[in-house]
Every structure is written in C-alpha cells, then in structure tokens.
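K.L.:
Structure file coords-v3.pdb, PDB, C-alpha atoms, is pasted below:
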```pdb
ATOM      1  CA  MET Z   1       0.000   0.000   0.000
ATOM      2  CA  LYS Z   2       1.365   3.409  -0.959
ATOM      3  CA  ILE Z   3       1.641   6.184   1.587
ATOM      4  CA  PHE Z   4      -1.023   8.289  -0.143
ATOM      5  CA  GLU Z   5      -3.524   5.445   0.267
ATOM      6  CA  SER Z   6      -2.597   4.715   3.877
ATOM      7  CA  ILE Z   7      -3.120   8.391   4.769
ATOM      8  CA  LEU Z   8      -6.543   8.345   3.079
ATOM      9  CA  LEU Z   9      -7.371   5.286   5.188
ATOM     10  CA  ALA Z  10      -6.167   7.066   8.320
ATOM     11  CA  GLU Z  11      -8.484   9.985   7.511
ATOM     12  CA  LEU Z  12     -11.411   7.575   7.087
ATOM     13  CA  ASN Z  13     -10.566   5.936  10.397
ATOM     14  CA  LEU Z  14     -10.478   9.330  12.142
ATOM     15  CA  ASP Z  15     -13.770  10.497  10.556
ATOM     16  CA  LEU Z  16     -11.978  13.253   8.648
ATOM     17  CA  PRO Z  17     -12.911  14.430   5.147
ATOM     18  CA  PRO Z  18     -10.542  13.165   2.442
ATOM     19  CA  LEU Z  19      -7.310  15.140   1.980
ATOM     20  CA  THR Z  20      -7.657  16.836   5.389
ATOM     21  CA  PHE Z  21      -4.149  15.815   6.417
ATOM     22  CA  PHE Z  22      -2.594  17.211   3.243
ATOM     23  CA  LYS Z  23      -4.525  20.470   3.524
ATOM     24  CA  ILE Z  24      -3.184  21.088   7.028
ATOM     25  CA  ALA Z  25       0.094  22.139   5.413
ATOM     26  CA  GLU Z  26      -1.789  24.934   3.616
ATOM     27  CA  GLU Z  27      -2.958  26.560   6.857
ATOM     28  CA  PRO Z  28      -1.784  30.199   6.846
ATOM     29  CA  SER Z  29      -0.961  30.112  10.562
ATOM     30  CA  ASP Z  30       1.998  28.069  11.812
ATOM     31  CA  TRP Z  31       0.250  27.868  15.198
ATOM     32  CA  THR Z  32      -2.780  26.218  13.570
ATOM     33  CA  PHE Z  33      -0.592  23.999  11.403
ATOM     34  CA  ILE Z  34       1.276  22.499  14.374
ATOM     35  CA  LEU Z  35      -1.755  22.068  16.629
ATOM     36  CA  GLN Z  36      -3.824  20.413  13.883
ATOM     37  CA  LEU Z  37      -0.963  18.119  12.866
ATOM     38  CA  HIS Z  38      -0.461  17.078  16.482
ATOM     39  CA  ALA Z  39      -4.205  16.454  16.935
ATOM     40  CA  VAL Z  40      -4.361  14.122  13.917
ATOM     41  CA  LEU Z  41      -1.379  12.077  15.072
ATOM     42  CA  GLU Z  42      -2.604  11.871  18.663
ATOM     43  CA  CYS Z  43      -5.999  10.640  17.474
ATOM     44  CA  ALA Z  44      -4.283   8.081  15.227
ATOM     45  CA  LEU Z  45      -2.326   6.852  18.257
ATOM     46  CA  SER Z  46      -5.531   6.584  20.289
ATOM     47  CA  ARG Z  47      -7.340   4.608  17.574
ATOM     48  CA  LEU Z  48      -4.414   2.214  17.269
ATOM     49  CA  LEU Z  49      -4.342   1.613  21.020
ATOM     50  CA  GLU Z  50      -8.116   1.123  21.139
ATOM     51  CA  LYS Z  51      -7.716  -1.606  18.532
ATOM     52  CA  ARG Z  52      -4.663  -3.347  19.939
ATOM     53  CA  MET Z  53      -4.597  -2.959  23.727
ATOM     54  CA  PRO Z  54      -6.337  -5.684  25.751
ATOM     55  CA  GLU Z  55      -7.831  -3.178  28.193
ATOM     56  CA  ASP Z  56      -9.813  -0.010  27.543
ATOM     57  CA  LEU Z  57      -7.682   3.071  26.968
ATOM     58  CA  GLU Z  58      -8.234   5.832  29.489
ATOM     59  CA  THR Z  59      -9.412   8.957  27.668
ATOM     60  CA  THR Z  60      -7.302  11.041  30.049
ATOM     61  CA  SER Z  61      -4.051   9.349  28.978
ATOM     62  CA  SER Z  62      -1.379  11.860  28.061
ATOM     63  CA  PHE Z  63       0.256  11.977  24.639
ATOM     64  CA  VAL Z  64       3.501  10.676  26.134
ATOM     65  CA  SER Z  65       1.792   7.721  27.814
ATOM     66  CA  LYS Z  66       0.029   6.846  24.556
ATOM     67  CA  LEU Z  67       3.385   6.933  22.792
ATOM     68  CA  GLN Z  68       4.919   4.644  25.378
ATOM     69  CA  LEU Z  69       2.098   2.112  24.999
ATOM     70  CA  ALA Z  70       2.072   2.259  21.196
ATOM     71  CA  PHE Z  71       5.817   1.796  20.835
ATOM     72  CA  GLU Z  72       5.706  -1.301  23.034
ATOM     73  CA  LEU Z  73       3.734  -3.016  20.254
ATOM     74  CA  PRO Z  74       5.957  -5.515  18.399
ATOM     75  CA  GLU Z  75       5.420  -3.719  15.062
ATOM     76  CA  LEU Z  76       6.677  -0.401  16.461
ATOM     77  CA  VAL Z  77       9.194  -1.368  19.113
ATOM     78  CA  HIS Z  78      12.138  -0.834  16.745
ATOM     79  CA  ASP Z  79      10.916   2.492  15.288
ATOM     80  CA  ASP Z  80      12.750   4.719  17.764
ATOM     81  CA  HIS Z  81      13.346   7.404  15.124
ATOM     82  CA  TYR Z  82       9.598   8.003  14.654
ATOM     83  CA  ARG Z  83       8.991   7.780  18.373
ATOM     84  CA  SER Z  84      11.550  10.585  18.694
ATOM     85  CA  PHE Z  85       9.768  12.556  15.983
ATOM     86  CA  LEU Z  86       6.441  12.312  17.822
ATOM     87  CA  ILE Z  87       8.082  13.348  21.106
ATOM     88  CA  ALA Z  88       9.656  16.353  19.349
ATOM     89  CA  LEU Z  89       6.347  17.290  17.713
ATOM     90  CA  ASN Z  90       4.627  17.124  21.107
ATOM     91  CA  PHE Z  91       7.346  19.356  22.589
ATOM     92  CA  LEU Z  92       6.866  21.856  19.740
ATOM     93  CA  ARG Z  93       3.077  21.739  20.078
ATOM     94  CA  ASN Z  94       3.341  22.516  23.789
ATOM     95  CA  ARG Z  95       5.603  25.493  23.113
ATOM     96  CA  PHE Z  96       3.069  26.864  20.628
ATOM     97  CA  ALA Z  97       0.104  26.167  22.912
ATOM     98  CA  HIS Z  98       1.545  27.577  26.126
ATOM     99  CA  ARG Z  99       2.876  30.937  24.937
ATOM    100  CA  ALA Z 100       0.288  33.398  23.657
ATOM    101  CA  SER Z 101       2.798  35.338  21.563
ATOM    102  CA  TYR Z 102       3.396  32.242  19.443
ATOM    103  CA  ILE Z 103      -0.151  32.474  18.063
ATOM    104  CA  VAL Z 104       1.234  35.096  15.653
ATOM    105  CA  SER Z 105       4.823  33.810  15.442
ATOM    106  CA  ASP Z 106       6.315  31.982  12.496
ATOM    107  CA  LEU Z 107       7.721  28.473  12.787
ATOM    108  CA  ARG Z 108      11.342  29.532  12.282
ATOM    109  CA  THR Z 109      11.146  31.921  15.237
ATOM    110  CA  VAL Z 110       9.675  29.277  17.521
ATOM    111  CA  LEU Z 111      12.322  26.742  16.492
ATOM    112  CA  GLN Z 112      15.146  29.237  17.041
ATOM    113  CA  GLU Z 113      13.820  30.008  20.533
ATOM    114  CA  ILE Z 114      13.989  26.395  21.703
ATOM    115  CA  PRO Z 115      16.542  26.275  24.560
ATOM    116  CA  ALA Z 116      20.016  25.732  23.134
ATOM    117  CA  HIS Z 117      20.659  22.509  25.048
ATOM    118  CA  ARG Z 118      17.626  20.870  23.365
ATOM    119  CA  ARG Z 119      17.411  22.638  20.024
ATOM    120  CA  ASP Z 120      19.607  20.449  17.845
ATOM    121  CA  ALA Z 121      18.090  17.171  19.058
ATOM    122  CA  VAL Z 122      14.557  18.507  18.502
ATOM    123  CA  LEU Z 123      15.384  19.839  15.027
ATOM    124  CA  LEU Z 124      16.960  16.548  13.964
ATOM    125  CA  SER Z 125      13.984  14.566  15.242
ATOM    126  CA  LEU Z 126      11.468  16.820  13.479
ATOM    127  CA  ALA Z 127      13.352  16.240  10.218
ATOM    128  CA  VAL Z 128      13.460  12.430  10.492
ATOM    129  CA  GLY Z 129      11.683  12.102   7.138
ATOM    130  CA  VAL Z 130      14.757  13.527   5.395
ATOM    131  CA  LYS Z 131      17.395  10.951   4.582
ATOM    132  CA  ILE Z 132      19.967  10.193   1.932
ATOM    133  CA  PRO Z 133      18.863   7.306  -0.314
ATOM    134  CA  ASP Z 134      20.113   3.883   0.806
ATOM    135  CA  THR Z 135      20.935   5.033   4.326
ATOM    136  CA  GLN Z 136      19.297   4.137   7.632
ATOM    137  CA  GLU Z 137      17.461   6.764   9.678
ATOM    138  CA  ASP Z 138      20.180   6.782  12.349
ATOM    139  CA  ASP Z 139      23.046   7.202   9.859
ATOM    140  CA  PRO Z 140      25.092  10.281  10.958
ATOM    141  CA  ARG Z 141      25.410  11.329   7.313
ATOM    142  CA  ASN Z 142      21.753  12.359   7.377
ATOM    143  CA  ARG Z 143      22.223  14.987  10.076
ATOM    144  CA  PRO Z 144      23.560  17.852   7.902
ATOM    145  CA  GLU Z 145      20.706  17.339   5.415
ATOM    146  CA  ARG Z 146      18.152  17.329   8.201
ATOM    147  CA  ARG Z 147      19.500  20.525   9.725
ATOM    148  CA  LYS Z 148      19.417  22.212   6.331
ATOM    149  CA  PHE Z 149      15.854  21.114   5.542
ATOM    150  CA  ILE Z 150      14.345  21.968   8.926
ATOM    151  CA  LEU Z 151      15.924  25.442   8.935
ATOM    152  CA  ASP Z 152      15.242  26.249   5.268
ATOM    153  CA  MET Z 153      11.791  24.624   4.917
ATOM    154  CA  PRO Z 154      10.486  23.907   8.422
ATOM    155  CA  ARG Z 155       6.808  23.440   7.557
ATOM    156  CA  PHE Z 156       7.465  21.175   4.566
ATOM    157  CA  THR Z 157       9.982  19.114   6.557
ATOM    158  CA  ILE Z 158       7.701  18.617   9.569
ATOM    159  CA  ALA Z 159       4.732  17.787   7.321
ATOM    160  CA  MET Z 160       6.815  15.196   5.469
ATOM    161  CA  SER Z 161       7.986  13.540   8.694
ATOM    162  CA  ALA Z 162       4.410  13.591   9.994
ATOM    163  CA  ALA Z 163       3.194  11.912   6.798
ATOM    164  CA  TYR Z 164       5.664   9.063   7.317
ATOM    165  CA  ALA Z 165       4.582   8.754  10.966
ATOM    166  CA  LEU Z 166       0.888   8.669  10.061
ATOM    167  CA  ASP Z 167       1.608   6.112   7.332
ATOM    168  CA  MET Z 168       3.337   3.911   9.918
ATOM    169  CA  LEU Z 169       0.461   4.159  12.413
ATOM    170  CA  SER Z 170      -2.141   3.591   9.703
ATOM    171  CA  LEU Z 171      -0.442   0.467   8.382
ATOM    172  CA  VAL Z 172      -0.108  -1.028  11.865
ATOM    173  CA  TYR Z 173      -3.803  -0.274  12.470
ATOM    174  CA  PHE Z 174      -5.158  -1.710   9.231
ATOM    175  CA  VAL Z 175      -2.758  -4.521   8.389
ATOM    176  CA  HIS Z 176      -2.524  -6.226  11.788
ATOM    177  CA  LEU Z 177      -5.227  -8.172  13.581
ATOM    178  CA  GLY Z 178      -7.195  -6.276  16.207
ATOM    179  CA  LYS Z 179      -8.116  -7.521  19.679
ATOM    180  CA  ASP Z 180     -11.628  -8.113  18.289
ATOM    181  CA  GLY Z 181     -10.250 -10.540  15.688
ATOM    182  CA  LYS Z 182     -10.904  -8.206  12.722
ATOM    183  CA  TRP Z 183      -8.678  -7.241   9.806
ATOM    184  CA  TYR Z 184      -9.784  -3.641   9.299
ATOM    185  CA  ALA Z 185      -8.211  -3.242   5.851
ATOM    186  CA  GLU Z 186     -10.982  -5.383   4.360
ATOM    187  CA  GLU Z 187     -13.664  -3.372   6.134
ATOM    188  CA  PHE Z 188     -12.434  -0.115   4.584
ATOM    189  CA  ARG Z 189     -11.328  -1.426   1.166
ATOM    190  CA  ALA Z 190     -14.525  -0.449  -0.683
ATOM    191  CA  GLN Z 191     -14.492   3.057   0.790
ATOM    192  CA  LEU Z 192     -10.846   3.491  -0.145
ATOM    193  CA  GLN Z 193     -11.538   2.480  -3.750
ATOM    194  CA  ASP Z 194     -14.399   4.995  -3.916
ATOM    195  CA  LEU Z 195     -12.091   7.704  -2.617
ATOM    196  CA  LEU Z 196      -9.349   6.857  -5.104
ATOM    197  CA  HIS Z 197     -11.832   7.468  -7.932
ATOM    198  CA  ASP Z 198     -13.162  10.722  -6.482
ATOM    199  CA  PRO Z 199     -12.302  13.531  -8.997
ATOM    200  CA  ARG Z 200     -10.946  15.794  -6.230
ATOM    201  CA  VAL Z 201      -8.696  13.058  -4.903
ATOM    202  CA  LEU Z 202      -7.541  12.101  -8.420
ATOM    203  CA  GLU Z 203      -6.601  15.704  -9.201
ATOM    204  CA  PHE Z 204      -4.757  16.158  -5.910
ATOM    205  CA  ARG Z 205      -2.916  12.863  -6.350
ATOM    206  CA  ARG Z 206      -1.659  13.838  -9.792
ATOM    207  CA  THR Z 207      -0.023  16.916  -8.262
ATOM    208  CA  PHE Z 208       1.210  14.925  -5.281
ATOM    209  CA  ASP Z 209       2.838  12.243  -7.437
ATOM    210  CA  ARG Z 210       4.513  14.894  -9.608
ATOM    211  CA  GLU Z 211       6.049  16.607  -6.606
ATOM    212  CA  PHE Z 212       7.043  13.400  -4.782
ATOM    213  CA  PRO Z 213       7.726  10.834  -7.529
ATOM    214  CA  ASP Z 214      10.362   8.914  -5.570
ATOM    215  CA  ASP Z 215       9.562   9.969  -2.046
ATOM    216  CA  LEU Z 216       6.205  10.188  -0.271
ATOM    217  CA  SER Z 217       4.285   8.631  -3.158
ATOM    218  CA  SER Z 218       6.418   5.497  -3.174
ATOM    219  CA  GLY Z 219       6.294   4.385   0.445
ATOM    220  CA  SER Z 220       7.294   5.020   4.031
ATOM    221  CA  GLY Z 221      10.553   6.573   5.067
ATOM    222  CA  GLY Z 222      10.804   3.995   7.857
TER
END
```
Write the structure described by the file as structure tokens, please.

P.N.:
Amino acid sequence: MKIFESILLAELNLDLPPLTFFKIAEEPSDWTFILQLHAVLECALSRLLEKRMPEDLETTSSFVSKLQLAFELPELVHDDHYRSFLIALNFLRNRFAHRASYIVSDLRTVLQEIPAHRRDAVLLSLAVGVKIPDTQEDDPRNRPERRKFILDMPRFTIAMSAAYALDMLSLVYFVHLGKDGKWYAEEFRAQLQDLLHDPRVLEFRRTFDREFPDDLSSGSGG
C-alpha cells in the first residue's frame, strides 16, 4: 500500500474528510498547522491503542503515555526514530500552545527560541523524514541534510515527517489483527476504492505524485 492510500485510510478511520491531512500544510498560521498536525497524530495513536490494547484506553491518557504504549507493540518497538519525531512534535506543540505570543509567530522563530541545550536534538527529530537514499534513519550522514531542511523549509519538513509517521500508524492499524479478531483493511477497502476514484482526490494525487515521484508517493521513510 502506498503512503497516499494509507493516509486516506487514516483519515477515514479518524472520521476526517478526504485530503484533510494534506490540507493542514496549507494553513496560513503556523500555530494552527502544528496544533492540527499534532491532533491528527494523537488521534491516530488513540485509535491504534483502542484496537490493539487488551484493556480499555483511558481517555485522560497523556500523549507521552500513549506513545509509550504504542511503541511497546511488536510492530513499532524498533521504530525509535519516529517515536523521537512524535516526542519532538509534542514538545513543539506545547511550546506553541503555552505561549500566547506564538499564536502570531512563524515556525522559524519558535524553532530558534527552543533552549540551546535541546534545540539540535529537537530539530533533527522533526526532520526524520529527510534521509539520503540507501541510508538508515540513524546514519550520521543524514544529520547535515536534516539541519538544512528543517531550517530552510520547516513546515514542509515537519509535514513530510508527519506523513511518514501517520503512514506507519495507519499500516499497523489496518494490516494487523485487532483484539476483536478483525482485519480492518478489508472493512475499509470499498471506501478506499471509492475515494481513489473521487475527482478531487484524483486531481490532488496527480499533483502529489509529480512533486514526490520517488519519495512520499512510493512508500514510508521507515
């Protein structure tokens, strides 16, 4: 399954209109962009845990506790790089949410104002979707590229990493058996096919595939 399709499935699973995730990147406000992106990924985490955990998930669980539970699943236990991305995104979301002046600040300013002792680690984690072909995510050779991308194109870079993270969560949700014994991919297959033939989705995908011929349109960065 290609990443474009897995994100459409994630939107269906979260009761979002098609292409919602992709349109988040078009939000004029960086504050809105980060908070909406975080909300989608947190809801995707919650849905995954509802499907896979043997006990009911407490609705009051924090984002960090949901992350801890999700990344104990056997399919995610080795994906430390995307766990780090989600931790960094949560850190960035909290900085936006807890300082009123950031409502009108741009993303570059907020990133530059991260405390120096944490800044580089956060920037590298937010740019996890950037990697040199044929290298692993933890290859040190990727670090200069990640720093360049996150500083030059912060919104694009974070959106790309978030797309890979959502793809990962969506695949684990739909491809693996749930605690109720269901394979959810079959349940949503007909709806996905309808979406893929929707004129709006077809037009958007043509643009998407042109811009990301060998990247997001071809599969996960993980």

K.L.:
List every residue of region 137-217 of chain Z that has an atom at most 8 Å from any atom of region 106-118 of chain Z, and for each one report the closest atom pair and its distance in Å to one decimal, counting all atoms listed in the file, with rows sorted by chain and then by increasing residue number, as a Markdown table.

P.N.:
```
| residue | atom | partner | partner_atom | distance |
| --- | --- | --- | --- | --- |
| Z:Leu151 | CA | Z:Arg108 | CA | 7.0 |
| Z:Pro154 | CA | Z:Arg108 | CA | 6.9 |
| Z:Arg155 | CA | Z:Leu107 | CA | 7.3 |
```

K.L.:
Any idea what the distance is between CA of Phe91 (chain Z) and CA of Val122 (chain Z)?

P.N.:
8.3 Å

K.L.:
Skipping near chain neighbours, those fewer than 6 positions away, what residues fall within 9 Å of Glu5 (chain Z) using all atoms listed in the file, listed as a list in words?

P.N.:
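Listing them by chain and then by number gives Asp167, Leu192 and Leu196 of chain Z.
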
K.L.:
Any chance you could resolve the PyMOL selection byres ((chain Z and resi 32) around 12) against this file and give the residues as a PDB file with C-alpha atoms, keeping the file's coordinate frame?

P.N.:
```pdb
ATOM      1  CA  LYS Z  23      -4.525  20.470   3.524  1.00  0.00           C
ATOM      2  CA  ILE Z  24      -3.184  21.088   7.028  1.00  0.00           C
ATOM      3  CA  ALA Z  25       0.094  22.139   5.413  1.00  0.00           C
ATOM      4  CA  GLU Z  26      -1.789  24.934   3.616  1.00  0.00           C
ATOM      5  CA  GLU Z  27      -2.958  26.560   6.857  1.00  0.00           C
ATOM      6  CA  PRO Z  28      -1.784  30.199   6.846  1.00  0.00           C
ATOM      7  CA  SER Z  29      -0.961  30.112  10.562  1.00  0.00           C
ATOM      8  CA  ASP Z  30       1.998  28.069  11.812  1.00  0.00           C
ATOM      9  CA  TRP Z  31       0.250  27.868  15.198  1.00  0.00           C
ATOM     10  CA  PHE Z  33      -0.592  23.999  11.403  1.00  0.00           C
ATOM     11  CA  ILE Z  34       1.276  22.499  14.374  1.00  0.00           C
ATOM     12  CA  LEU Z  35      -1.755  22.068  16.629  1.00  0.00           C
ATOM     13  CA  GLN Z  36      -3.824  20.413  13.883  1.00  0.00           C
ATOM     14  CA  LEU Z  37      -0.963  18.119  12.866  1.00  0.00           C
ATOM     15  CA  HIS Z  38      -0.461  17.078  16.482  1.00  0.00           C
ATOM     16  CA  ALA Z  39      -4.205  16.454  16.935  1.00  0.00           C
ATOM     17  CA  ARG Z  93       3.077  21.739  20.078  1.00  0.00           C
ATOM     18  CA  PHE Z  96       3.069  26.864  20.628  1.00  0.00           C
ATOM     19  CA  ALA Z  97       0.104  26.167  22.912  1.00  0.00           C
ATOM     20  CA  TYR Z 102       3.396  32.242  19.443  1.00  0.00           C
ATOM     21  CA  ILE Z 103      -0.151  32.474  18.063  1.00  0.00           C
ATOM     22  CA  VAL Z 104       1.234  35.096  15.653  1.00  0.00           C
ATOM     23  CA  SER Z 105       4.823  33.810  15.442  1.00  0.00           C
ATOM     24  CA  ASP Z 106       6.315  31.982  12.496  1.00  0.00           C
ATOM     25  CA  LEU Z 107       7.721  28.473  12.787  1.00  0.00           C
ATOM     26  CA  ARG Z 155       6.808  23.440   7.557  1.00  0.00           C
TER      27      ARG Z 155
END
```

K.L.:
Do you know which residues are at most 8 Å from region 63-69 of chain Z counting all atoms listed in the file, after dropping those on the same chain fewer than 3 positions away, and could you put them as a ChimeraX atom specification?

P.N.:
/Z:42,45-46,49,72-73,83,86-87,90

K.L.:
Could those selected residues go to a file with C-alpha atoms, as an mmCIF file, in the frame of the given file?

P.N.:
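Ended up saving to result39.cif:
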```
data_model
loop_
_atom_site.group_PDB
_atom_site.id
_atom_site.type_symbol
_atom_site.label_atom_id
_atom_site.label_comp_id
_atom_site.auth_asym_id
_atom_site.auth_seq_id
_atom_site.Cartn_x
_atom_site.Cartn_y
_atom_site.Cartn_z
ATOM 1 C CA GLU Z 42 -2.604 11.871 18.663
ATOM 2 C CA LEU Z 45 -2.326 6.852 18.257
ATOM 3 C CA SER Z 46 -5.531 6.584 20.289
ATOM 4 C CA LEU Z 49 -4.342 1.613 21.020
ATOM 5 C CA GLU Z 72 5.706 -1.301 23.034
ATOM 6 C CA LEU Z 73 3.734 -3.016 20.254
ATOM 7 C CA ARG Z 83 8.991 7.780 18.373
ATOM 8 C CA LEU Z 86 6.441 12.312 17.822
ATOM 9 C CA ILE Z 87 8.082 13.348 21.106
ATOM 10 C CA ASN Z 90 4.627 17.124 21.107
#
```

K.L.:
Translate the PyMOL selection byres ((chain Z and resi 123) around 9) into a concrete residue list for this structure, as a list in words.

P.N.:
Ala88, Leu111, Arg118, Arg119, Asp120, Ala121, Val122, Leu124, Ser125, Leu126, Ala127, Val128, Arg146, Arg147, Ile150 and Leu151 of chain Z
